[in-house]
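The file model_39.cif comes next; it holds mmCIF, C-alpha atoms.
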```cif
data_run
#
loop_
_atom_site.label_atom_id
_atom_site.label_comp_id
_atom_site.auth_asym_id
_atom_site.auth_seq_id
_atom_site.Cartn_x
_atom_site.Cartn_y
_atom_site.Cartn_z
CA MET A 1 -149.04 -19.19 1.42
CA ALA A 2 -146.34 -16.77 1.05
CA VAL A 3 -144.68 -16.86 -2.25
CA PHE A 4 -141.07 -16.24 -2.25
CA LYS A 5 -140.32 -14.30 -5.25
CA LYS A 6 -137.02 -15.32 -6.59
CA LYS A 7 -134.76 -12.37 -6.71
CA ALA A 8 -133.17 -11.81 -10.04
CA LYS A 9 -129.61 -12.23 -8.97
CA LYS A 10 -127.00 -10.26 -10.78
CA LYS A 11 -124.10 -12.23 -12.08
CA PRO A 12 -121.25 -11.78 -9.65
CA GLU A 13 -118.41 -9.91 -11.17
CA ILE A 14 -114.82 -10.48 -10.31
CA SER A 15 -113.24 -7.28 -9.35
CA THR A 16 -110.24 -6.55 -11.50
CA SER A 17 -109.27 -3.39 -9.76
CA ALA A 18 -106.36 -5.13 -8.03
CA LEU A 19 -104.94 -6.38 -11.31
CA PRO A 20 -102.84 -3.30 -12.05
CA ASP A 21 -101.35 -3.55 -8.59
CA ILE A 22 -100.31 -7.13 -9.15
CA ILE A 23 -98.87 -6.31 -12.52
CA PHE A 24 -97.01 -3.35 -11.09
CA MET A 25 -95.56 -5.55 -8.42
CA LEU A 26 -94.23 -7.96 -11.03
CA LEU A 27 -93.02 -5.01 -13.04
CA PHE A 28 -91.03 -3.63 -10.15
CA PHE A 29 -89.51 -7.03 -9.49
CA PHE A 30 -88.26 -7.28 -13.04
CA MET A 31 -87.15 -3.65 -13.14
CA VAL A 32 -85.05 -4.12 -10.06
CA SER A 33 -83.59 -7.48 -11.02
CA THR A 34 -82.84 -6.54 -14.60
CA LYS A 35 -79.29 -5.89 -15.49
CA LEU A 36 -79.33 -4.42 -18.93
CA LYS A 37 -76.44 -5.36 -21.09
CA GLU A 38 -74.06 -2.53 -20.54
CA GLU A 39 -71.73 -3.34 -23.34
CA ASP A 40 -72.10 -4.11 -26.92
CA VAL A 41 -70.02 -7.12 -27.83
CA LYS A 42 -68.11 -6.33 -30.97
CA VAL A 43 -66.46 -9.70 -31.40
CA ASP A 44 -67.73 -13.18 -32.15
CA ASN A 45 -68.47 -14.78 -28.84
CA ASP A 46 -69.43 -18.42 -28.92
CA LEU A 47 -68.24 -19.69 -25.58
CA PRO A 48 -66.66 -23.14 -25.49
CA LYS A 49 -68.65 -26.01 -24.08
CA ALA A 50 -67.50 -27.59 -20.86
CA THR A 51 -68.79 -29.87 -18.13
CA GLN A 52 -66.98 -28.64 -15.03
CA LEU A 53 -68.50 -25.20 -14.82
CA GLN A 54 -69.01 -23.44 -11.55
CA ASP A 55 -70.91 -20.30 -10.67
CA LEU A 56 -68.98 -17.13 -10.29
CA ASP A 57 -69.17 -15.74 -6.80
CA VAL A 58 -71.48 -12.74 -7.17
CA LYS A 59 -69.65 -10.76 -4.54
CA VAL A 60 -66.34 -10.46 -6.32
CA GLN A 61 -65.39 -7.52 -8.47
CA THR A 62 -65.02 -8.63 -12.04
CA MET A 63 -63.70 -7.29 -15.24
CA THR A 64 -65.03 -8.89 -18.39
CA MET A 65 -62.73 -9.36 -21.30
CA TYR A 66 -64.00 -10.55 -24.65
CA ILE A 67 -61.67 -12.11 -27.14
CA GLY A 68 -62.71 -13.14 -30.60
CA LYS A 69 -62.80 -12.32 -34.24
CA PRO A 70 -64.31 -8.86 -34.80
CA ALA A 71 -67.93 -9.07 -35.86
CA ARG A 72 -67.58 -6.25 -38.37
CA VAL A 73 -65.36 -6.74 -41.38
CA GLN A 74 -63.80 -3.28 -41.15
CA ASP A 75 -62.34 -4.15 -37.75
CA GLY A 76 -60.06 -6.72 -39.34
CA SER A 77 -60.05 -10.48 -39.25
CA ASP A 78 -57.53 -11.13 -36.49
CA SER A 79 -58.79 -11.95 -33.02
CA ARG A 80 -59.05 -8.85 -30.85
CA ILE A 81 -59.62 -8.08 -27.22
CA GLN A 82 -62.56 -6.02 -26.08
CA VAL A 83 -62.96 -4.45 -22.68
CA ASN A 84 -65.76 -1.98 -21.90
CA ASP A 85 -66.98 -1.39 -25.43
CA ALA A 86 -63.57 -0.76 -26.89
CA PHE A 87 -60.82 -2.80 -28.45
CA VAL A 88 -57.72 -2.93 -26.31
CA PRO A 89 -54.29 -3.69 -27.71
CA ILE A 90 -52.43 -6.37 -25.80
CA LYS A 91 -49.85 -4.00 -24.40
CA ASN A 92 -52.56 -1.86 -22.79
CA ILE A 93 -54.06 -4.66 -20.74
CA ILE A 94 -52.03 -3.87 -17.63
CA GLN A 95 -53.22 -0.27 -17.77
CA THR A 96 -56.83 -1.40 -18.24
CA VAL A 97 -56.58 -3.66 -15.22
CA GLU A 98 -55.17 -0.80 -13.16
CA THR A 99 -58.02 1.49 -14.25
CA LYS A 100 -60.53 -1.13 -13.25
CA ARG A 101 -58.83 -1.53 -9.91
CA SER A 102 -59.04 2.15 -9.11
CA GLU A 103 -62.69 2.17 -10.18
CA ALA A 104 -63.50 -0.82 -8.02
CA LYS A 105 -61.33 0.52 -5.17
CA THR A 106 -59.83 -2.92 -4.65
CA ALA A 107 -56.83 -4.71 -6.02
CA ASP A 108 -58.61 -8.01 -5.82
CA ILE A 109 -60.46 -8.41 -9.08
CA THR A 110 -61.38 -11.45 -11.08
CA VAL A 111 -60.98 -11.30 -14.81
CA THR A 112 -63.80 -13.05 -16.62
CA LEU A 113 -62.47 -14.26 -19.92
CA LYS A 114 -65.19 -14.64 -22.49
CA ILE A 115 -63.25 -16.15 -25.30
CA ASP A 116 -64.70 -17.39 -28.53
CA ASP A 117 -64.07 -21.09 -29.09
CA GLU A 118 -62.42 -20.45 -32.45
CA VAL A 119 -59.72 -18.21 -31.01
CA LYS A 120 -56.17 -19.49 -31.23
CA LEU A 121 -54.35 -20.16 -28.01
CA GLY A 122 -51.53 -17.77 -28.93
CA ILE A 123 -53.44 -14.60 -28.12
CA VAL A 124 -54.87 -16.22 -24.99
CA THR A 125 -51.34 -17.00 -23.78
CA ASP A 126 -50.28 -13.41 -24.46
CA VAL A 127 -53.25 -12.08 -22.53
CA LYS A 128 -52.52 -14.39 -19.63
CA MET A 129 -48.91 -13.21 -19.55
CA GLN A 130 -50.11 -9.62 -19.39
CA LEU A 131 -52.54 -10.44 -16.62
CA ARG A 132 -49.76 -12.09 -14.67
CA GLU A 133 -47.66 -8.98 -15.10
CA ALA A 134 -50.58 -6.92 -13.87
CA GLN A 135 -50.85 -9.25 -10.87
CA ALA A 136 -54.43 -10.08 -11.77
CA LEU A 137 -54.12 -13.77 -11.13
CA LYS A 138 -57.72 -14.78 -10.67
CA VAL A 139 -59.27 -15.64 -13.96
CA PHE A 140 -62.55 -17.22 -14.87
CA TYR A 141 -62.93 -18.97 -18.20
CA SER A 142 -66.55 -18.53 -19.18
CA GLY A 143 -68.23 -21.42 -20.89
CA ASN A 144 -71.52 -23.02 -21.70
CA LYS A 145 -72.59 -25.97 -19.62
CA VAL A 146 -73.08 -29.33 -21.30
CA GLU A 147 -73.55 -32.69 -19.70
CA LYS A 148 -71.02 -34.47 -21.84
CA LEU A 149 -68.41 -33.41 -24.33
CA LYS A 150 -68.92 -34.81 -27.77
CA MET B 1 -129.56 32.22 -15.48
CA PRO B 2 -129.31 28.53 -15.98
CA LYS B 3 -128.23 26.65 -12.95
CA LYS B 4 -124.89 24.95 -13.27
CA LYS B 5 -125.22 21.22 -13.26
CA ASP B 6 -123.47 19.43 -10.53
CA ARG B 7 -121.20 17.17 -12.47
CA GLY B 8 -119.50 15.52 -9.55
CA THR B 9 -115.83 14.79 -9.51
CA PRO B 10 -114.71 13.40 -12.83
CA GLU B 11 -113.16 9.98 -12.56
CA ILE B 12 -110.13 8.98 -14.51
CA ASN B 13 -110.63 5.71 -16.24
CA ALA B 14 -107.95 3.45 -14.85
CA SER B 15 -108.78 0.33 -16.78
CA SER B 16 -106.00 0.88 -19.29
CA MET B 17 -103.42 1.18 -16.54
CA ALA B 18 -103.15 -2.59 -16.42
CA ASP B 19 -102.45 -2.64 -20.15
CA ILE B 20 -99.69 -0.10 -19.81
CA ALA B 21 -98.20 -2.00 -16.91
CA PHE B 22 -98.41 -5.19 -18.93
CA LEU B 23 -96.55 -3.57 -21.77
CA LEU B 24 -93.75 -2.44 -19.50
CA LEU B 25 -93.71 -5.83 -17.84
CA VAL B 26 -93.30 -7.60 -21.15
CA PHE B 27 -90.48 -5.27 -22.07
CA PHE B 28 -88.58 -6.04 -18.89
CA LEU B 29 -89.31 -9.74 -19.16
CA VAL B 30 -87.72 -9.79 -22.57
CA ALA B 31 -84.83 -7.53 -21.69
CA THR B 32 -83.92 -9.32 -18.49
CA ASN B 33 -81.06 -11.69 -18.46
CA PHE B 34 -80.27 -12.92 -15.03
CA PRO B 35 -76.62 -12.66 -14.32
CA SER B 36 -75.59 -16.29 -14.37
CA GLU B 37 -71.93 -16.49 -15.09
CA LYS B 38 -70.70 -19.99 -15.48
CA GLY B 39 -67.13 -20.90 -16.08
CA ILE B 40 -63.97 -22.57 -14.93
CA PRO B 41 -62.21 -20.65 -12.19
CA SER B 42 -58.46 -20.71 -12.34
CA THR B 43 -55.53 -18.97 -10.75
CA LEU B 44 -52.58 -17.93 -12.83
CA PRO B 45 -49.13 -18.52 -11.40
CA ARG B 46 -47.35 -15.50 -10.02
CA LEU B 47 -44.83 -14.12 -12.42
CA GLY B 48 -41.29 -15.19 -11.66
CA SER B 49 -42.33 -16.92 -8.47
CA GLN B 50 -39.39 -18.53 -6.77
CA ASN B 51 -41.33 -20.95 -4.64
CA LYS B 52 -42.07 -23.43 -7.35
CA THR B 53 -43.57 -26.54 -5.90
CA GLU B 54 -40.99 -29.20 -5.57
CA VAL B 55 -42.13 -32.16 -7.56
CA ASP B 56 -40.55 -35.48 -7.76
CA LYS B 57 -39.77 -35.57 -11.42
CA ALA B 58 -40.47 -39.27 -11.63
CA PRO B 59 -42.53 -39.88 -14.73
CA GLN B 60 -45.42 -41.40 -12.84
CA ASN B 61 -45.88 -38.12 -10.99
CA ILE B 62 -46.34 -35.95 -14.02
CA LEU B 63 -49.12 -36.17 -16.52
CA ARG B 64 -47.79 -34.38 -19.54
CA ILE B 65 -50.49 -33.17 -21.89
CA LEU B 66 -49.64 -31.53 -25.15
CA VAL B 67 -52.25 -30.09 -27.44
CA ASN B 68 -50.91 -29.43 -30.89
CA SER B 69 -52.09 -27.03 -33.54
CA GLN B 70 -54.34 -29.70 -35.04
CA ASN B 71 -56.07 -29.89 -31.66
CA LYS B 72 -54.79 -33.43 -31.16
CA LEU B 73 -53.75 -34.62 -27.75
CA LEU B 74 -50.50 -36.15 -26.76
CA VAL B 75 -50.59 -37.51 -23.24
CA ASN B 76 -47.28 -38.82 -21.93
CA ASP B 77 -46.08 -39.18 -25.52
CA GLU B 78 -49.09 -41.20 -26.57
CA GLU B 79 -51.90 -39.98 -28.70
CA LEU B 80 -55.18 -39.94 -26.82
CA ASP B 81 -58.74 -39.08 -27.59
CA ILE B 82 -60.27 -36.27 -25.54
CA THR B 83 -63.09 -38.56 -24.42
CA LYS B 84 -60.59 -40.83 -22.68
CA LEU B 85 -58.74 -38.05 -20.91
CA LYS B 86 -60.93 -38.07 -17.82
CA GLU B 87 -60.36 -41.77 -17.26
CA LYS B 88 -56.65 -41.30 -17.88
CA THR B 89 -56.52 -38.52 -15.30
CA VAL B 90 -58.27 -40.68 -12.74
CA ARG B 91 -55.78 -43.47 -13.30
CA PHE B 92 -52.93 -41.00 -13.09
CA ILE B 93 -54.14 -39.58 -9.77
CA ASP B 94 -54.49 -43.05 -8.33
CA GLY B 95 -51.06 -44.01 -9.61
CA ALA B 96 -49.40 -40.95 -8.10
CA ASP B 97 -51.32 -41.55 -4.91
CA LYS B 98 -49.95 -45.04 -4.47
CA ASN B 99 -46.37 -43.89 -4.83
CA PRO B 100 -45.01 -44.03 -1.26
CA ALA B 101 -42.50 -41.27 -2.00
CA ASN B 102 -45.30 -38.79 -2.54
CA LYS B 103 -45.98 -37.85 1.05
CA GLN B 104 -46.14 -34.14 0.56
CA CYS B 105 -46.59 -33.48 -3.09
CA LYS B 106 -49.07 -35.12 -5.34
CA GLY B 107 -48.99 -35.59 -9.04
CA VAL B 108 -48.82 -32.61 -11.30
CA VAL B 109 -50.62 -32.17 -14.57
CA SER B 110 -48.48 -30.31 -17.03
CA LEU B 111 -50.50 -28.71 -19.76
CA LYS B 112 -48.97 -27.24 -22.84
CA GLY B 113 -50.65 -25.90 -25.89
CA ASP B 114 -49.43 -24.61 -29.18
CA ARG B 115 -49.99 -21.03 -30.30
CA GLY B 116 -52.15 -22.41 -33.06
CA THR B 117 -54.29 -24.60 -30.82
CA LYS B 118 -57.94 -23.73 -30.76
CA TYR B 119 -59.07 -22.28 -27.46
CA GLU B 120 -61.98 -24.72 -27.42
CA ALA B 121 -59.61 -27.69 -27.46
CA TYR B 122 -57.59 -26.21 -24.64
CA ILE B 123 -60.69 -25.64 -22.49
CA HIS B 124 -61.86 -29.18 -23.19
CA VAL B 125 -58.56 -30.54 -21.89
CA LEU B 126 -58.71 -28.33 -18.80
CA ASP B 127 -62.29 -29.42 -18.34
CA GLN B 128 -61.58 -33.12 -18.58
CA VAL B 129 -58.63 -32.94 -16.21
CA LYS B 130 -60.82 -31.13 -13.70
CA ALA B 131 -63.51 -33.74 -14.30
CA GLY B 132 -60.97 -36.43 -13.44
CA TYR B 133 -60.11 -34.77 -10.14
CA CYS B 134 -63.78 -34.21 -9.47
CA ALA B 135 -64.49 -37.90 -10.06
CA VAL B 136 -61.74 -38.99 -7.67
CA ARG B 137 -62.92 -36.59 -4.99
CA ALA B 138 -66.49 -37.76 -5.46
CA ARG B 139 -65.43 -41.38 -5.18
CA GLU B 140 -63.48 -40.75 -1.97
CA LEU B 141 -66.26 -38.72 -0.41
CA LYS B 142 -68.93 -41.12 -1.68
CA TRP B 143 -70.79 -38.16 -3.12
CA THR B 144 -72.01 -37.66 -6.61
CA GLU B 145 -69.79 -35.68 -8.95
CA GLU B 146 -72.47 -33.01 -9.13
CA GLN B 147 -72.28 -32.52 -5.39
CA VAL B 148 -68.52 -32.10 -5.48
CA LEU B 149 -68.67 -29.68 -8.37
CA ASN B 150 -71.39 -27.52 -6.90
CA PHE B 151 -69.97 -27.55 -3.41
CA LYS B 152 -70.43 -24.21 -1.69
CA ASP B 153 -68.96 -23.32 1.65
CA ALA B 154 -71.96 -21.38 2.81
CA ASP B 155 -74.73 -23.93 2.84
CA VAL B 156 -73.27 -26.99 4.53
CA SER B 157 -72.52 -28.10 8.06
CA GLU B 158 -69.14 -27.70 9.69
CA ASN B 159 -68.55 -31.43 9.47
CA THR B 160 -69.17 -31.66 5.75
CA LYS B 161 -66.91 -28.70 5.18
CA LYS B 162 -64.11 -30.42 7.07
CA LEU B 163 -64.63 -33.60 5.11
CA TYR B 164 -64.54 -31.76 1.81
CA ASN B 165 -61.50 -29.66 2.67
CA ASN B 166 -59.66 -32.77 3.72
CA ILE B 167 -60.30 -34.36 0.34
CA VAL B 168 -59.28 -31.18 -1.44
CA PHE B 169 -56.07 -31.27 0.55
CA LEU B 170 -55.49 -34.92 -0.35
CA TYR B 171 -56.29 -34.44 -4.01
CA PRO B 172 -55.28 -30.93 -4.95
CA VAL B 173 -55.68 -29.92 -8.55
CA VAL B 174 -52.21 -28.92 -9.60
CA ILE B 175 -52.15 -27.91 -13.20
CA SER B 176 -48.92 -26.44 -14.33
CA GLU B 177 -48.84 -24.51 -17.53
CA ALA B 178 -45.52 -24.08 -19.17
CA ASP B 179 -44.38 -20.49 -19.49
CA PRO B 180 -44.15 -19.42 -23.09
CA THR B 181 -40.60 -19.57 -24.30
CA GLU B 182 -38.85 -16.45 -25.53
CA ALA B 183 -39.43 -17.47 -29.10
CA GLU B 184 -43.14 -17.79 -28.51
CA LYS B 185 -43.48 -14.36 -26.95
CA LYS B 186 -44.34 -11.61 -29.32
#
```
Can the structure from this file be put into structure tokens for me?
Amino acid sequence: MAVFKKKAKKKPEISTSALPDIIFMLLFFFMVSTKLKEEDVKVDNDLPKATQLQDLDVKVQTMTMYIGKPARVQDGSDSRIQVNDAFVPIKNIIQTVETKRSEAKTADITVTLKIDDEVKLGIVTDVKMQLREAQALKVFYSGNKVEKLK
Amino acid sequence: MPKKKDRGTPEINASSMADIAFLLLVFFLVATNFPSEKGIPSTLPRLGSQNKTEVDKAPQNILRILVNSQNKLLVNDEELDITKLKEKTVRFIDGADKNPANKQCKGVVSLKGDRGTKYEAYIHVLDQVKAGYCAVRARELKWTEEQVLNFKDADVSENTKKLYNNIVFLYPVVISEADPTEAEKK
């Protein structure tokens, strides 16, 4: 009678050689989709809570404007406006909008207003008046979504 | 002379490549913030525009909201809590809607804040007024409020679009903000 000698089977190993490829694929995805924060926000920026928030159309050209109390003490304690990493005095807003327009090569820009919830309405009104003078009429009040206001 | 050993082609050990890739991956995972801008879109009135919408100045056609520097609300000369503003807006829209004189123009919400009002309070008022309109539109369309709010032109049928635009036409959000007076300008 023939005896079948049991072969000593080696434990099957899972090949991990494809692992780096998978990881690289994920890596590329995140590298491409990442938008690193291009500006350093120098003002307090707690956005107000709201329920009726909508998504900003990704196709439009936007200019982000931060308004809030400066984060550093040496910048003063009054609310200030920040555009592109720098504080902008109110009277220069029109000029800033024009610069942005020539950069974006379109007159149709939306101004995203990221305003701290502690800011007084006075400065906001002034900014809005300047934007109206600059003919930048589309604004977008950024906020944080909540289901219900307290 | 000793014969040179045939060493074969040296192989680079690639097992640490995954680790390096992991490290980079983790960095990008942490650094990524997907651009998700959420906010309330609004259009400012043109400066010195002559074509102001003609509104019947009858009191039932205007919802006057005043936010004072203590962030308190005064709606049509009555103090009101912010939580009741949505309901008030809905009632106002319905009231203005029933007025037979309002064929062309609907009610107008007039919003006025003080220079000392907190921005948060102002946004809450804007938010609640919009919520009121959203609720009315949702009721008329028999949709949920979420559907009305997140309505996007791109991903619906022609019919739905027509239905929605009709409702927007019937219940337009008209929020008028008083121009700052000369004294308020700096």
Would you mind listing, for every residue of chain B within 9 Å of chain A, the two atoms forming the shortest contact and the distance between them in Å to one decimal, using only C-alpha atoms, sorted by chain and ascending residue number, as a tab-separated table?
```
residue	atom	partner	partner_atom	distance
B:Ala14	CA	A:Ser17	CA	8.6
B:Ser15	CA	A:Ser17	CA	8.0
B:Ser16	CA	A:Pro20	CA	8.9
B:Met17	CA	A:Pro20	CA	6.4
B:Ala18	CA	A:Pro20	CA	4.4
B:Asp19	CA	A:Pro20	CA	8.1
B:Ile20	CA	A:Pro20	CA	9.0
B:Ala21	CA	A:Phe24	CA	6.1
B:Phe22	CA	A:Ile23	CA	6.5
B:Leu24	CA	A:Leu27	CA	7.0
B:Leu25	CA	A:Leu27	CA	4.9
B:Val26	CA	A:Leu27	CA	8.5
B:Phe28	CA	A:Phe30	CA	6.0
B:Leu29	CA	A:Phe30	CA	6.7
B:Ala31	CA	A:Leu36	CA	6.9
B:Thr32	CA	A:Thr34	CA	4.9
B:Asn33	CA	A:Thr34	CA	6.7
B:Phe34	CA	A:Thr34	CA	6.9
B:Pro35	CA	A:Lys35	CA	7.4
B:Ser36	CA	A:Asp55	CA	7.2
B:Glu37	CA	A:Leu56	CA	5.7
B:Lys38	CA	A:Asp55	CA	4.8
B:Gly39	CA	A:Ser142	CA	3.9
B:Ile40	CA	A:Tyr141	CA	5.0
B:Pro41	CA	A:Phe140	CA	4.4
B:Ser42	CA	A:Val139	CA	5.4
B:Thr43	CA	A:Lys138	CA	4.7
B:Leu44	CA	A:Leu137	CA	4.8
B:Pro45	CA	A:Leu137	CA	6.9
B:Arg46	CA	A:Arg132	CA	6.2
B:Leu47	CA	A:Arg132	CA	5.8
B:Ser69	CA	A:Lys120	CA	8.9
B:Ile82	CA	A:Leu149	CA	8.7
B:Thr83	CA	A:Leu149	CA	7.4
B:Gly113	CA	A:Leu121	CA	7.2
B:Asp114	CA	A:Leu121	CA	6.7
B:Arg115	CA	A:Gly122	CA	3.9
B:Gly116	CA	A:Lys120	CA	5.3
B:Thr117	CA	A:Leu121	CA	5.3
B:Lys118	CA	A:Lys120	CA	4.6
B:Tyr119	CA	A:Leu121	CA	5.2
B:Glu120	CA	A:Asp117	CA	4.5
B:Ala121	CA	A:Asp117	CA	8.1
B:Tyr122	CA	A:Leu121	CA	7.6
B:Ile123	CA	A:Pro48	CA	7.1
B:His124	CA	A:Ala50	CA	6.3
B:Asp127	CA	A:Gln52	CA	5.8
B:Gln128	CA	A:Gln52	CA	7.9
B:Lys130	CA	A:Gln52	CA	6.8
B:Ala131	CA	A:Gln52	CA	6.2
B:Cys134	CA	A:Gln52	CA	8.5
B:Leu149	CA	A:Gln52	CA	6.9
B:Asn150	CA	A:Gln54	CA	6.6
B:Asp179	CA	A:Met129	CA	8.6
B:Pro180	CA	A:Thr125	CA	7.6
B:Glu184	CA	A:Gly122	CA	8.4
B:Lys185	CA	A:Asp126	CA	7.3
B:Lys186	CA	A:Asp126	CA	7.9
```
Which residues match the PyMOL selection byres ((chain A and resi 86) around 10) in the file above, as a VMD selection string?
chain A and resid 39 to 42 81 to 85 87 to 89
Taking the file as I've supplied it (selection: the PyMOL selection byres ((chain B and resi 72-78) around 10)), which residues are included? Please answer as a list in words.
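Output of the PyMOL selection byres ((chain B and resi 72-78) around 10): Pro59, Gln60, Ile62, Leu63, Arg64, Ile65, Leu66, Val67, Asn68, Ser69, Gln70, Asn71, Glu79, Leu80, Asp81, Ile82, Leu85, Lys88, Thr89, Ser110, Leu111, Lys112, Gly113, Thr117, Ala121, Tyr122 and Val125 of chain B.
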Atom CA of Glu145 of chain B to atom CA of Asn61 of chain B: how many Å, to one decimal?
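Here the two named atoms are 24.1 Å from each other.
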Tell me, in Å to one decimal, how far atom CA of Val60 of chain A is from atom CA of Arg137 of chain B.
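Atom CA of Val60 of chain A sits 26.4 Å away from atom CA of Arg137 of chain B.
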Using Å and a single decimal, report how far atom CA of Ile67 of chain A sits from atom CA of Ser102 of chain A.
23.1 Å
Run the PyMOL selection byres ((chain B and resi 168-176) around 7) on the file and write out the hits as a list in words.
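Checked against the file, the PyMOL selection byres ((chain B and resi 168-176) around 7) matches Val108, Val109, Ser110, Leu111, Tyr133, Tyr164, Asn165, Asn166, Ile167, Glu177 and Ala178 of chain B.
Near Lys152 of chain B, within a cut-off of 9 Å and counting all atoms listed in the file, sit the residues Val148, Val156 and Lys161 of chain B, with same-chain residues fewer than 4 positions away left out.
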